[in-house]
Every structure is written in C-alpha cells, then in structure tokens.
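K.L.:
Got a structure here, written out as structure tokens. Questions coming.
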Amino acid sequence: MSRDQMYIAYMKAFEASTKHVAACAACQNDQPCAVGAPVHAEFIARQNAWNERVRTERKQP
C-alpha cells in the first residue's frame, strides 16, 4: 500500500470512529458497544500501522 493510500485509510478509519462515538451513548462513556468495537479496532490498527511507518521512515538515512 502506498504511503498516501495508507494515510487516507487511516483518516477514513478515524472519521468512522469519531462519527460512531458522536452518535453512540455507550461509546461516549468509554464503553465501546458491539457495533463500535470493530470500528474503533480498525482505527487503532490503522493508527498503529501509520505510526510504525513514520517511525521506520525517520530511521532511514
């Protein structure tokens, strides 16, 4: 996946997660619901992948 594609996927996952939290009372109280849990997990996974890529790129000369 290209750097741009990875970043776009990360931002789309962020948007989906924040939209869900805004509409879900349980998730607003830090208690992810059954619907929100995979949405938030996808965001965290994409965020971690993006952060790892950035760290790796910084280490390259």
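Chains: A, B, ... in order of the structure tokens. Residues: from 1 per chain. Ligands: from 1, in order shown.
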Residues at most 7 Å from Ser17 of chain A, counting only C-alpha atoms, excluding those fewer than 3 positions away in the same chain, as a ChimeraX atom specification?

P.N.:
/A:13-14,20-21,39-40,43

K.L.:
Could you write out that same residue set with N, CA and C atoms as a PDB file, in the first residue's frame?

P.N.:
```
ATOM      1  N   ALA A  13     -10.645   5.724   8.752  1.00  0.00           N
ATOM      2  CA  ALA A  13     -10.931   4.956   9.965  1.00  0.00           C
ATOM      3  C   ALA A  13     -11.131   5.895  11.154  1.00  0.00           C
ATOM      4  N   PHE A  14     -10.344   6.961  11.217  1.00  0.00           N
ATOM      5  CA  PHE A  14     -10.502   7.966  12.268  1.00  0.00           C
ATOM      6  C   PHE A  14     -11.889   8.607  12.178  1.00  0.00           C
ATOM      7  N   HIS A  20     -18.968   7.443  14.921  1.00  0.00           N
ATOM      8  CA  HIS A  20     -19.674   6.466  15.739  1.00  0.00           C
ATOM      9  C   HIS A  20     -19.762   6.950  17.184  1.00  0.00           C
ATOM     10  N   VAL A  21     -18.658   7.416  17.736  1.00  0.00           N
ATOM     11  CA  VAL A  21     -18.650   7.883  19.121  1.00  0.00           C
ATOM     12  C   VAL A  21     -19.651   9.027  19.303  1.00  0.00           C
ATOM     13  N   VAL A  39     -15.168  -0.934  14.794  1.00  0.00           N
ATOM     14  CA  VAL A  39     -14.871   0.362  14.166  1.00  0.00           C
ATOM     15  C   VAL A  39     -13.655   0.972  14.844  1.00  0.00           C
ATOM     16  N   HIS A  40     -13.661   0.956  16.167  1.00  0.00           N
ATOM     17  CA  HIS A  40     -12.544   1.523  16.926  1.00  0.00           C
ATOM     18  C   HIS A  40     -11.278   0.679  16.760  1.00  0.00           C
ATOM     19  N   PHE A  43      -9.628   1.576  13.532  1.00  0.00           N
ATOM     20  CA  PHE A  43      -8.915   2.848  13.660  1.00  0.00           C
ATOM     21  C   PHE A  43      -7.585   2.652  14.382  1.00  0.00           C
TER      22      PHE A  43
END
```

K.L.:
Using the chain letters and numbers from this document, which residues of chain A does DSSP assign to alpha helix (DSSP H), as an NGL selection string?

P.N.:
:A and (3-23 or 25-28 or 36-59)

K.L.:
Quick one, how far is atom CA of Ala23 of chain A from atom CA of Glu42 of chain A?

P.N.:
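Atom-to-atom, atom CA of Ala23 of chain A to atom CA of Glu42 of chain A, that is 17.7 Å.
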
K.L.:
I'd like the interatomic distance between atom CA of Tyr10 of chain A and atom CA of Trp50 of chain A, to a tenth of an Å.

P.N.:
7.2 Å

K.L.:
Determine the nearest neighbour of Asn48 of chain A from the options A:Gln31, A:Gln60, A:Met6, A:Lys19, counting only C-alpha atoms.

P.N.:
A:Met6

K.L.:
Let me make sure I understand: among A:Ile44, A:Cys24, A:Asp30, A:Ala37, which one has the smallest atom-to-atom distance to Ala9 of chain A if we use only C-alpha atoms?

P.N.:
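Of the candidates, the smallest distance to Ala9 of chain A is held by A:Ile44.
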
K.L.:
In Å to one decimal, how far is atom CA of Asn51 of chain A from atom CA of Gly36 of chain A?

P.N.:
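Distance between the two atoms: 22.3 Å.
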